[in-house]
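Below is target_15.cif, which holds mmCIF, C-alpha atoms.
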data_protein
loop_
_atom_site.label_atom_id
_atom_site.label_comp_id
_atom_site.auth_asym_id
_atom_site.auth_seq_id
_atom_site.Cartn_x
_atom_site.Cartn_y
_atom_site.Cartn_z
CA MET A 865 48.43 104.05 92.33
CA ILE A 866 50.05 104.90 89.06
CA PHE A 867 53.28 103.17 88.14
CA THR A 868 55.53 105.11 85.76
CA GLY A 869 58.13 102.42 85.11
CA LEU A 870 61.86 102.41 85.76
CA LYS A 871 64.61 104.88 84.89
CA GLN A 872 62.50 108.03 84.95
CA THR A 873 64.11 111.47 84.90
CA PRO A 874 62.87 114.17 87.33
CA GLU A 875 61.25 115.89 84.33
CA MET A 876 59.32 112.75 83.43
CA VAL A 877 58.12 112.16 86.99
CA ALA A 878 56.99 115.77 87.34
CA ALA A 879 55.09 115.65 84.04
CA ALA A 880 53.36 112.37 84.96
CA ALA A 881 52.47 113.61 88.47
CA ILE A 882 50.86 116.72 87.00
CA GLN A 883 48.97 114.92 84.22
CA GLU A 884 47.60 112.41 86.71
CA ASP A 885 47.01 115.04 89.44
CA VAL A 886 48.23 112.72 92.18
CA ASP A 887 48.46 113.65 95.86
CA VAL A 888 51.69 111.84 96.60
CA VAL A 889 54.83 111.23 94.58
CA GLY A 890 56.95 108.32 95.78
CA ILE A 891 60.45 107.82 94.42
CA SER A 892 62.52 104.70 94.83
CA THR A 893 66.17 105.43 94.22
CA LEU A 894 69.14 103.08 94.22
CA SER A 895 71.50 104.87 91.89
CA ALA A 896 73.20 107.28 94.32
CA GLY A 897 71.93 110.18 92.25
CA HIS A 898 69.33 111.17 94.82
CA THR A 899 71.10 114.32 96.05
CA ARG A 900 70.73 115.75 92.56
CA SER A 901 67.53 114.16 91.22
CA LEU A 902 65.26 114.57 94.25
CA PRO A 903 65.89 118.31 94.85
CA LYS A 904 65.43 118.85 91.12
CA LEU A 905 62.11 117.00 91.16
CA ALA A 906 60.92 119.06 94.14
CA ARG A 907 61.88 122.24 92.31
CA LEU A 908 60.16 121.20 89.05
CA LEU A 909 56.93 120.41 90.92
CA ARG A 910 57.02 123.76 92.71
CA GLU A 911 57.71 125.65 89.50
CA ALA A 912 54.78 123.93 87.77
CA GLY A 913 52.41 124.97 90.56
CA ALA A 914 52.27 121.45 91.96
CA GLY A 915 54.24 122.08 95.15
CA ASP A 916 51.30 120.87 97.25
CA LYS A 917 52.05 117.24 96.41
CA LEU A 918 53.66 115.13 99.10
CA LEU A 919 57.12 114.00 98.01
CA LEU A 920 58.47 110.79 99.55
CA ALA A 921 61.67 108.95 98.83
CA GLY A 922 62.93 105.47 99.59
CA GLY A 923 65.59 103.03 98.58
CA VAL A 924 69.29 103.47 99.32
CA ILE A 925 69.66 106.89 100.96
CA PRO A 926 72.41 107.45 103.55
CA GLU A 927 71.28 108.97 106.82
CA GLU A 928 73.59 111.99 106.38
CA ASP A 929 71.83 112.99 103.14
CA ARG A 930 68.47 113.38 104.85
CA PRO A 931 68.83 117.01 106.02
CA LEU A 932 69.88 118.09 102.54
CA LEU A 933 66.89 116.32 100.96
CA GLU A 934 64.41 117.64 103.51
CA ALA A 935 65.70 121.17 103.07
CA ALA A 936 65.22 120.75 99.32
CA GLY A 937 61.55 119.77 99.64
CA VAL A 938 61.50 115.99 100.16
CA HIS A 939 58.92 115.62 102.93
CA ARG A 940 60.07 112.28 104.27
CA THR A 941 62.44 109.43 103.45
CA PHE A 942 61.74 105.79 104.18
CA THR A 943 64.91 103.83 103.64
CA MET A 944 65.52 100.11 103.40
CA GLY A 945 64.03 98.11 106.21
CA SER A 946 61.17 100.55 106.78
CA ASP A 947 58.00 98.90 108.00
CA THR A 948 55.18 99.23 105.45
CA ARG A 949 52.77 99.87 108.33
CA ASP A 950 54.79 102.93 109.35
CA ILE A 951 54.55 104.28 105.82
CA VAL A 952 50.78 103.71 105.75
CA ALA A 953 50.40 105.37 109.17
CA TYR A 954 52.43 108.36 107.98
CA LEU A 955 50.27 108.70 104.84
CA ASN A 956 47.07 108.43 106.87
CA SER A 957 48.06 111.15 109.30
CA TRP A 958 49.34 113.37 106.48
CA TRP A 959 46.02 112.95 104.64
CA ALA A 960 44.00 113.71 107.78
CA ARG A 961 46.02 116.89 108.37
CA LYS A 962 45.57 117.91 104.74
CA LEU A 963 41.77 117.45 104.86
CA GLU A 964 41.65 119.40 108.12
CA ALA A 965 43.65 122.24 106.60
CA GLU A 966 41.34 122.40 103.59
CA ALA A 967 38.12 122.29 105.62
CA MET B 757 43.34 129.05 89.91
CA ASP B 758 40.31 129.51 87.66
CA VAL B 759 40.24 125.88 86.51
CA ALA B 760 37.77 126.35 83.65
CA LYS B 761 39.60 129.31 82.17
CA GLU B 762 43.01 127.74 82.61
CA LEU B 763 42.06 124.43 81.02
CA LEU B 764 40.55 126.21 78.02
CA ALA B 765 43.96 127.88 77.67
CA GLY B 766 45.46 124.39 77.63
CA THR B 767 47.04 124.35 81.11
CA VAL B 768 47.67 120.71 81.98
CA LEU B 769 47.53 121.30 85.75
CA ALA B 770 43.99 122.70 85.42
CA GLY B 771 42.73 119.99 83.09
CA ALA B 772 44.16 117.32 85.37
CA ARG B 773 42.42 118.87 88.37
CA ALA B 774 39.07 119.03 86.55
CA ILE B 775 39.31 115.35 85.61
CA ARG B 776 40.10 114.47 89.22
CA TRP B 777 37.07 116.39 90.49
CA LEU B 778 34.81 114.65 87.98
CA ASP B 779 36.26 111.26 88.88
CA ASP B 780 35.78 111.96 92.60
CA ASN B 781 32.22 113.24 92.10
CA ASP B 782 33.32 116.59 93.53
CA PRO B 783 30.59 119.15 92.64
CA ARG B 784 33.28 121.56 91.39
CA GLY B 785 33.81 119.13 88.49
CA ALA B 786 30.27 119.54 87.19
CA ASP B 787 30.60 123.32 87.45
CA VAL B 788 33.78 123.33 85.39
CA LEU B 789 32.25 121.01 82.82
CA ALA B 790 29.21 123.25 82.46
CA SER B 791 31.39 126.26 81.71
CA VAL B 792 33.61 124.53 79.14
CA PHE B 793 30.98 122.38 77.43
CA ALA B 794 30.47 124.90 74.61
CA ASP B 795 34.10 124.30 73.65
CA THR B 796 33.70 120.54 73.22
CA GLY B 797 32.48 118.36 70.39
CA ARG B 798 35.53 118.85 68.17
CA ALA B 799 37.93 116.04 69.10
CA HIS B 800 37.99 112.75 67.26
CA ILE B 801 37.52 110.11 69.96
CA VAL B 802 39.13 106.80 69.08
CA GLY B 803 38.52 103.72 71.23
CA VAL B 804 41.14 100.99 71.40
CA THR B 805 39.93 97.69 72.81
CA GLY B 806 40.77 94.01 72.80
CA PRO B 807 41.61 91.12 75.10
CA PRO B 808 44.29 91.30 77.83
CA GLY B 809 47.76 90.88 76.40
CA ALA B 810 46.83 92.08 72.92
CA GLY B 811 49.27 94.97 73.27
CA LYS B 812 46.75 97.81 73.50
CA SER B 813 48.99 100.18 75.47
CA THR B 814 51.95 99.57 73.18
CA LEU B 815 49.75 100.10 70.15
CA VAL B 816 48.36 103.34 71.57
CA SER B 817 51.93 104.52 72.21
CA ALA B 818 52.82 103.84 68.56
CA LEU B 819 49.61 105.55 67.38
CA ILE B 820 50.46 108.64 69.46
CA ALA B 821 53.87 108.84 67.76
CA GLU B 822 52.26 108.70 64.31
CA GLU B 823 49.59 111.27 65.18
CA ARG B 824 52.32 113.60 66.49
CA LYS B 825 54.20 113.20 63.20
CA ARG B 826 51.04 114.46 61.53
CA GLY B 827 51.08 117.50 63.78
CA ARG B 828 48.14 116.65 66.01
CA ARG B 829 47.82 117.14 69.75
CA VAL B 830 46.89 113.88 71.44
CA GLY B 831 44.97 113.05 74.63
CA VAL B 832 44.91 109.55 76.09
CA ILE B 833 42.65 108.00 78.70
CA ALA B 834 43.91 104.61 79.82
CA VAL B 835 41.45 102.53 81.83
CA ASP B 836 42.77 99.80 84.13
CA PRO B 837 40.79 97.59 86.48
CA SER B 838 40.34 98.56 90.14
CA SER B 839 40.27 95.91 92.82
CA PRO B 840 36.65 94.99 93.57
CA PHE B 841 37.69 94.39 97.20
CA THR B 842 39.71 97.44 98.19
CA GLY B 843 38.75 99.82 95.40
CA GLY B 844 42.46 100.39 94.91
CA ALA B 845 44.24 100.09 91.61
CA ILE B 846 47.73 99.84 90.24
CA LEU B 847 47.64 101.59 86.92
CA GLY B 848 50.49 100.59 84.65
CA ASP B 849 49.45 101.62 81.13
CA ARG B 850 51.69 104.69 81.31
CA VAL B 851 54.78 102.52 81.43
CA ARG B 852 54.35 101.54 77.81
CA MET B 853 53.75 105.14 76.77
CA SER B 854 56.61 106.74 78.69
CA ARG B 855 58.37 107.95 75.55
CA HIS B 856 55.62 110.59 75.24
CA THR B 857 55.77 111.82 78.85
CA LEU B 858 57.81 114.92 78.04
CA ASP B 859 55.87 115.86 74.90
CA PRO B 860 53.83 118.93 75.91
CA ASP B 861 51.28 118.08 73.22
CA VAL B 862 50.47 114.66 74.69
CA PHE B 863 48.33 114.33 77.82
CA ILE B 864 48.05 110.83 79.24
CA ARG B 865 45.63 110.14 82.06
CA SER B 866 45.10 106.83 83.86
CA VAL B 867 41.76 105.94 85.41
CA GLY B 868 40.67 103.02 87.56
CA SER B 869 37.47 101.26 86.53
CA ARG B 870 36.05 101.41 90.08
CA GLY B 871 33.82 98.41 89.66
CA GLN B 872 32.35 99.57 86.38
CA VAL B 873 31.85 96.78 83.83
CA GLY B 874 32.01 97.37 80.12
CA GLY B 875 35.71 98.21 79.97
CA LEU B 876 35.38 101.89 80.86
CA ALA B 877 35.45 103.91 84.06
CA ARG B 878 32.47 105.97 85.18
CA SER B 879 34.29 109.22 84.53
CA THR B 880 35.73 108.32 81.11
CA HIS B 881 33.15 110.33 79.24
CA ASP B 882 33.74 113.39 81.41
CA ALA B 883 37.51 113.08 81.03
CA CYS B 884 37.04 113.00 77.23
CA LEU B 885 35.04 116.23 77.39
CA ILE B 886 37.79 117.95 79.40
CA LEU B 887 40.52 116.85 76.97
CA ASP B 888 38.26 117.93 74.10
CA ALA B 889 37.83 121.39 75.66
CA MET B 890 41.60 121.62 76.11
CA GLY B 891 41.93 121.38 72.36
CA TYR B 892 43.38 117.91 71.85
CA ASP B 893 42.65 116.87 68.27
CA VAL B 894 42.56 113.13 68.84
CA ILE B 895 41.65 111.35 72.07
CA PHE B 896 42.55 107.69 72.43
CA VAL B 897 40.53 105.78 75.00
CA GLU B 898 42.19 102.51 75.89
CA THR B 899 39.79 100.12 77.62
CA MET B 900 40.88 97.59 80.18
CA GLY B 901 41.40 94.16 78.73
CA VAL B 902 38.48 92.34 80.23
CA GLY B 903 37.88 90.26 77.15
CA GLN B 904 34.19 90.22 76.42
CA ASP B 905 32.59 93.26 77.93
CA GLU B 906 34.35 96.16 76.30
CA ILE B 907 31.36 97.12 74.24
CA ASP B 908 30.75 100.38 76.13
CA ILE B 909 33.57 101.99 74.22
CA VAL B 910 31.55 101.77 71.02
CA ALA B 911 28.96 104.16 72.43
CA LEU B 912 31.65 106.62 73.50
CA ALA B 913 34.03 106.65 70.54
CA HIS B 914 33.62 107.95 67.02
CA THR B 915 35.91 105.22 65.79
CA THR B 916 36.60 101.92 67.53
CA VAL B 917 39.79 99.97 66.88
CA ILE B 918 39.66 96.29 67.84
CA VAL B 919 43.03 94.72 68.58
CA GLY B 920 43.62 90.98 68.34
CA VAL B 921 46.74 88.83 68.42
CA PRO B 922 47.66 85.52 66.80
CA GLY B 923 46.99 82.38 68.71
CA LEU B 924 44.92 83.46 71.69
CA GLY B 925 41.66 82.11 70.37
CA ASP B 926 40.29 85.60 70.58
CA GLU B 927 38.43 85.33 67.32
CA VAL B 928 35.67 83.30 68.90
CA GLN B 929 35.64 85.47 72.02
CA ALA B 930 35.34 88.57 69.90
CA VAL B 931 32.36 87.22 68.03
CA LYS B 932 30.70 86.24 71.27
CA ALA B 933 31.07 89.68 72.68
CA GLY B 934 29.67 91.34 69.63
CA LEU B 935 32.91 93.28 69.20
CA MET B 936 33.10 92.05 65.63
CA GLU B 937 29.75 93.69 65.05
CA ALA B 938 30.92 96.96 66.49
CA GLY B 939 34.47 97.75 65.47
CA GLU B 940 35.37 99.98 62.56
CA ILE B 941 39.04 99.07 62.29
CA PHE B 942 40.55 95.68 63.05
CA VAL B 943 44.22 95.26 63.90
CA ILE B 944 46.14 92.04 64.34
CA ASN B 945 49.01 93.10 66.58
CA LYS B 946 52.19 91.03 67.04
CA ALA B 947 51.74 90.05 63.40
CA ASP B 948 55.29 88.69 63.29
CA ARG B 949 54.21 85.85 65.52
CA GLU B 950 53.39 82.32 64.56
CA GLY B 951 49.73 81.81 63.79
CA TYR B 952 49.24 85.19 62.14
CA GLU B 953 47.88 83.75 58.89
CA ALA B 954 45.32 81.55 60.61
CA THR B 955 44.09 84.48 62.72
CA GLN B 956 44.03 86.73 59.69
CA LYS B 957 41.92 84.24 57.71
CA GLN B 958 39.50 83.73 60.58
CA LEU B 959 38.95 87.43 61.13
CA GLU B 960 38.58 88.01 57.42
CA LEU B 961 35.85 85.40 57.32
CA MET B 962 34.12 87.00 60.30
CA LEU B 963 34.18 90.39 58.63
CA HIS B 964 32.81 88.86 55.44
CA LEU B 965 29.96 87.23 57.36
CA ARG B 966 29.25 90.52 59.11
CA ALA B 967 29.01 92.35 55.79
CA GLU B 968 26.74 89.62 54.40
CA SER B 969 24.40 89.68 57.37
CA ARG B 970 24.04 93.43 57.15
CA GLY B 971 23.29 93.50 53.44
CA TYR B 972 26.49 95.37 52.63
CA LYS B 973 26.12 98.31 50.25
CA ASP B 974 28.95 99.73 48.17
CA ASP B 975 29.16 103.02 50.03
CA ASP B 976 29.17 101.46 53.50
CA TRP B 977 32.31 101.67 55.60
CA SER B 978 34.21 98.46 55.00
CA PRO B 979 36.24 97.68 58.17
CA PRO B 980 39.89 97.18 57.23
CA LEU B 981 41.87 94.32 58.75
CA LEU B 982 45.43 95.54 59.33
CA PRO B 983 48.60 93.81 60.58
CA ALA B 984 50.87 95.58 63.06
CA VAL B 985 53.94 95.05 65.20
CA ALA B 986 53.36 97.91 67.63
CA LEU B 987 56.60 97.33 69.50
CA LYS B 988 58.53 98.06 66.31
CA ASP B 989 56.19 100.80 65.04
CA GLU B 990 55.31 98.60 62.06
CA GLY B 991 51.97 98.97 60.30
CA ILE B 992 51.09 102.04 62.37
CA ALA B 993 50.81 104.61 59.55
CA ALA B 994 48.20 102.45 57.81
CA ILE B 995 46.13 102.30 61.01
CA VAL B 996 46.21 106.08 61.43
CA ASP B 997 45.29 106.41 57.73
CA ALA B 998 42.26 104.22 58.40
CA ILE B 999 41.34 106.22 61.52
CA ASP B 1000 41.59 109.44 59.46
CA GLN B 1001 39.50 108.01 56.63
CA HIS B 1002 36.82 106.89 59.03
CA GLY B 1003 36.82 110.29 60.71
CA GLU B 1004 36.54 112.09 57.37
CA ARG B 1005 33.67 109.88 56.34
CA LEU B 1006 31.83 110.55 59.59
CA ARG B 1007 32.29 114.29 59.19
CA ALA B 1008 31.21 114.28 55.53
CA SER B 1009 28.00 112.37 56.25
CA GLY B 1010 27.02 114.29 59.38
CA ASP B 1011 27.47 111.13 61.45
CA PHE B 1012 30.24 112.79 63.48
CA GLU B 1013 27.80 115.24 65.07
CA ARG B 1014 25.13 112.56 65.29
CA ARG B 1015 27.42 110.23 67.23
CA THR B 1016 28.61 113.05 69.46
CA GLY B 1017 25.01 114.00 70.18
CA GLN B 1018 23.96 110.43 70.93
CA ARG B 1019 26.89 110.17 73.30
CA GLU B 1020 25.81 113.21 75.28
CA ARG B 1021 22.28 111.84 75.37
CA GLU B 1022 23.48 108.48 76.74
CA HIS B 1023 25.68 110.23 79.28
CA THR B 1024 22.75 112.32 80.46
CA LEU B 1025 20.71 109.15 80.97
CA THR B 1026 23.58 107.54 82.88
CA LEU B 1027 23.88 110.52 85.21
CA LEU B 1028 20.12 110.54 85.68
CA ARG B 1029 20.11 106.85 86.56
CA GLU B 1030 22.86 107.42 89.13
CA GLU B 1031 21.01 110.36 90.66
CA ILE B 1032 17.69 108.53 90.83
CA MET B 1033 19.31 105.47 92.35
CA ARG B 1034 20.99 107.63 94.99
CA SER B 1035 17.71 109.31 95.72
CA ILE B 1036 15.60 106.14 95.92
CA THR B 1037 18.08 104.09 97.90
CA GLY B 1038 18.31 106.85 100.48
CA SER B 1039 16.91 106.67 103.99
CA ALA B 1040 14.27 103.96 103.56
CA ALA B 1041 16.48 101.52 101.76
CA PRO B 1042 18.49 99.95 104.59
CA ALA B 1043 15.40 98.57 106.34
CA VAL B 1044 13.95 97.18 103.13
CA MET B 1045 17.29 95.72 102.08
CA ALA B 1046 17.68 94.06 105.46
CA ALA B 1047 14.25 92.48 105.06
CA VAL B 1048 15.28 91.14 101.64
CA GLU B 1049 18.47 89.72 103.09
CA ARG B 1050 16.47 87.98 105.83
CA ARG B 1051 14.26 86.59 103.04
CA GLU B 1052 11.16 88.20 104.55
CA LEU B 1053 10.62 90.17 101.38
CA ASP B 1054 11.14 89.19 97.77
CA PRO B 1055 13.23 91.50 95.56
CA HIS B 1056 10.31 92.50 93.30
CA THR B 1057 8.09 93.57 96.18
CA ALA B 1058 11.04 95.32 97.82
CA ALA B 1059 11.86 97.33 94.71
CA ARG B 1060 8.21 98.28 94.26
CA SER B 1061 7.93 99.29 97.89
CA LEU B 1062 10.99 101.57 97.72
CA LEU B 1063 9.71 103.15 94.54
CA ASP B 1064 6.28 103.79 96.10
CA GLN B 1065 7.79 105.35 99.19
CA TRP B 1066 9.94 107.57 97.02
CA ARG B 1067 6.95 108.63 94.91
CA ARG B 1068 4.87 109.50 97.97
CA LYS B 1069 7.72 111.57 99.34
CA ASN B 1070 8.49 113.42 96.12
CA MET B 1071 5.01 113.69 94.60
CA PRO B 1072 2.72 114.32 97.56
CA GLY B 1073 -0.33 115.08 95.39
CA LEU B 1074 -0.13 111.74 93.63
CA ASN B 1075 -2.92 109.25 94.31
CA ASP B 1076 -1.34 106.09 95.53
CA THR B 1077 -3.07 103.28 93.68
CA ASN B 1078 -0.66 100.67 94.83
CA ASP B 1079 -1.52 99.11 98.16
CA SER B 1080 1.63 97.02 98.41
CA GLU B 1081 3.10 98.93 101.31
CA VAL B 1082 5.19 96.53 103.29
CA LEU B 1083 7.28 98.44 105.73
#

So that I can check it, write out the structure of this file as C-alpha cells.
Amino acid sequence: MIFTGLKQTPEMVAAAAIQEDVDVVGISTLSAGHTRSLPKLARLLREAGAGDKLLLAGGVIPEEDRPLLEAAGVHRTFTMGSDTRDIVAYLNSWWARKLEAEA
Amino acid sequence: MDVAKELLAGTVLAGARAIRWLDDNDPRGADVLASVFADTGRAHIVGVTGPPGAGKSTLVSALIAEERKRGRRVGVIAVDPSSPFTGGAILGDRVRMSRHTLDPDVFIRSVGSRGQVGGLARSTHDACLILDAMGYDVIFVETMGVGQDEIDIVALAHTTVIVGVPGLGDEVQAVKAGLMEAGEIFVINKADREGYEATQKQLELMLHLRAESRGYKDDDWSPPLLPAVALKDEGIAAIVDAIDQHGERLRASGDFERRTGQREREHTLTLLREEIMRSITGSAAPAVMAAVERRELDPHTAARSLLDQWRRKNMPGLNDTNDSEVL
C-alpha cells in the first residue's frame, strides 16, 4: 500500500497511481469536494490509459451523490461506518474476477 | 501496448508496468528488460542511506529539486520495509516527495523490501535498469532505514551518500556496519540541531582514520562531510556538487563503466542463485526438510543429500561418488 499524504489534487493522485502502477486507487474525502474531484480523477486516469484501475472512495459522501459518482467512473463508495471486512471481501471478489477475465 | 518500445520513448505508464512485472517475477518483465538492456548503462545511480529518522526521504526530495534546477531528469526508487508476517507494506516515502509528483521529468517509485535484508528490495536493480532505459539522468535509490545492514546499496550505486543526524549515536553504528568504509559522500542532516558539532567532529575523525588505514594518496577521492537542513533546502547545492564531482571522476577514470559492469555481474550471480535454489528445493525438498525439522537429519547431510539428488537428476551421466543418500 502506498500512502500519498494529505491534500492531494486529482492530478497528483493520478500521477502517483501511474508511476506506482497500482491496481486500486482509494480516496478518502471529507471536504465536500467529491462531486468535482472524484469524476475528474476518474477522467484523468482514463485519459492516461490507466482506466483499468479500480477507483474506490470513502469518507463523508451523501447517499444521493452515489449515482453521480458511479456514473462518472467511481466503482464503489464505502462511507463512514463501513465494516473493514466488507471492504476486504469486495476487494477479494474484484481481484478474483479480474484474474479470471485476464486468464 | 508495446511496453519495451513505449518505455524507451519515455512513457511512464509503460515503465511503471515493466517495473511491476519485474517485481512480481512475471516472465514478461525479463523479456522487456532483455530488449531495452542495450539502452542502459548511462544513468548516474546515487544511493542514499542512513539510519531511520535521518531524513533520507526529505533529503532526496531536496536533491531532486536541485537536480531539476540543473536541468536533469530524475528517477527515484524508495525502498521501505515489508512486514515479515503478512508480506504487506505501507510505503510512505512519497509523502515527503509530493512536491515533485506533477513534474513530468521526475519518476518516483516505491518498493517493498519483501524480506530482503541489506536495505534494498530484490527488484531494485531491475527497476534501476528500467529507469535508466527511460532516459533518466540521475537515479536516486533510497534504502530503508534499517540501521546497520544497508551495505547492499554500495554494490548497486555509482555514488553512495551516507546520511547521519546529530545526537542519535549513529557514528558508532555506522562504523560497525562498515558504512563509513563504503560511502563517498557524508551528510549530517538536521545540522541546525543541538549536538551538530560533536557529531561533525566524530565523523571527521572517522573519515581521517579511514584515510589513514587505506594509505591515502593525493589523487584518491576524499569523502566530503557536508552539513544540511533538508527541510529548508539548505546545504543541498553543495551535496549535488559533490555527487557531480564524484560522477565526473568515475567517468574520467573509467571506473563508471567498471562499476556498472561489476553490478551487472553481481546481479547475474544473484539471479543464478535464486534460480538454482528454486530448482534444488523443488520436489524432493519437502521430505528432506521435514526430516530435518524432526531432527532425524542434520542440516549438513540434508543439504548434501538434496544437492546429490539434484545432480543425479540433471546430470545423468555423472558418476555418483557420494554414498550419503539418505532418503

**OP:** Give me, as an NGL selection string, the contact residues of chain A against chain B at a cut-off of 6 Å, counting only C-alpha atoms.
**Re:** :A and (865-869 or 876 or 882-885)

**OP:** Can you turn the PyMOL selection byres ((chain A and resi 921) around 8) into a concrete residue list for this file, as a PyMOL selection string?
**Re:** chain A and resi 890-893+919-920+922-923+938+940-943

Limited to C-alpha atoms, could you put the picked residues into a file as a PDB file, in the coordinates of the input?
ATOM      1  CA  GLY A 890      56.950 108.320  95.780  1.00  0.00           C
ATOM      2  CA  ILE A 891      60.450 107.820  94.420  1.00  0.00           C
ATOM      3  CA  SER A 892      62.520 104.700  94.830  1.00  0.00           C
ATOM      4  CA  THR A 893      66.170 105.430  94.220  1.00  0.00           C
ATOM      5  CA  LEU A 919      57.120 114.000  98.010  1.00  0.00           C
ATOM      6  CA  LEU A 920      58.470 110.790  99.550  1.00  0.00           C
ATOM      7  CA  GLY A 922      62.930 105.470  99.590  1.00  0.00           C
ATOM      8  CA  GLY A 923      65.590 103.030  98.580  1.00  0.00           C
ATOM      9  CA  VAL A 938      61.500 115.990 100.160  1.00  0.00           C
ATOM     10  CA  ARG A 940      60.070 112.280 104.270  1.00  0.00           C
ATOM     11  CA  THR A 941      62.440 109.430 103.450  1.00  0.00           C
ATOM     12  CA  PHE A 942      61.740 105.790 104.180  1.00  0.00           C
ATOM     13  CA  THR A 943      64.910 103.830 103.640  1.00  0.00           C
TER      14      THR A 943
END

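Using all atoms listed in the file, the residues found no farther than 12 Å from A:Gly915, other than those of its own chain fewer than 4 positions away, are Ala878, Ala881, Ile882, Asp885, Val886, Asp887, Val888, Val889, Leu905, Ala906, Arg907, Leu908, Leu909, Arg910, Glu911, Leu919, Ala936, Gly937, Val938 and His939 of chain A; Leu769 of chain B.
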
Store the residues picked out above in a file with C-alpha atoms, as a CSV table (one decimal), in the coordinates of the input.
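Writing the result to selection-v3.csv gives the following:
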chain,number,residue,atom,x,y,z
A,878,ALA,CA,57.0,115.8,87.3
A,881,ALA,CA,52.5,113.6,88.5
A,882,ILE,CA,50.9,116.7,87.0
A,885,ASP,CA,47.0,115.0,89.4
A,886,VAL,CA,48.2,112.7,92.2
A,887,ASP,CA,48.5,113.6,95.9
A,888,VAL,CA,51.7,111.8,96.6
A,889,VAL,CA,54.8,111.2,94.6
A,905,LEU,CA,62.1,117.0,91.2
A,906,ALA,CA,60.9,119.1,94.1
A,907,ARG,CA,61.9,122.2,92.3
A,908,LEU,CA,60.2,121.2,89.0
A,909,LEU,CA,56.9,120.4,90.9
A,910,ARG,CA,57.0,123.8,92.7
A,911,GLU,CA,57.7,125.6,89.5
A,919,LEU,CA,57.1,114.0,98.0
A,936,ALA,CA,65.2,120.8,99.3
A,937,GLY,CA,61.6,119.8,99.6
A,938,VAL,CA,61.5,116.0,100.2
A,939,HIS,CA,58.9,115.6,102.9
B,769,LEU,CA,47.5,121.3,85.8

**OP:** Name the residues that the PyMOL selection byres ((chain B and resi 884) around 12) picks from the file above, as an NGL selection string, using the file's chain letters and numbers.
**Re:** :B and (771-772 or 774-775 or 778-779 or 789 or 793 or 796-803 or 830-834 or 863-865 or 867 or 876-883 or 885-898 or 909 or 912-914 or 1016 or 1019-1020 or 1023)

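Relative to atom CA of B:Val759, atom CA of A:Asn956 is found at 27.7 Å.
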
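Picture a line from atom CA of B:Trp1066 to atom CA of B:Ile1036; it runs 5.9 Å.
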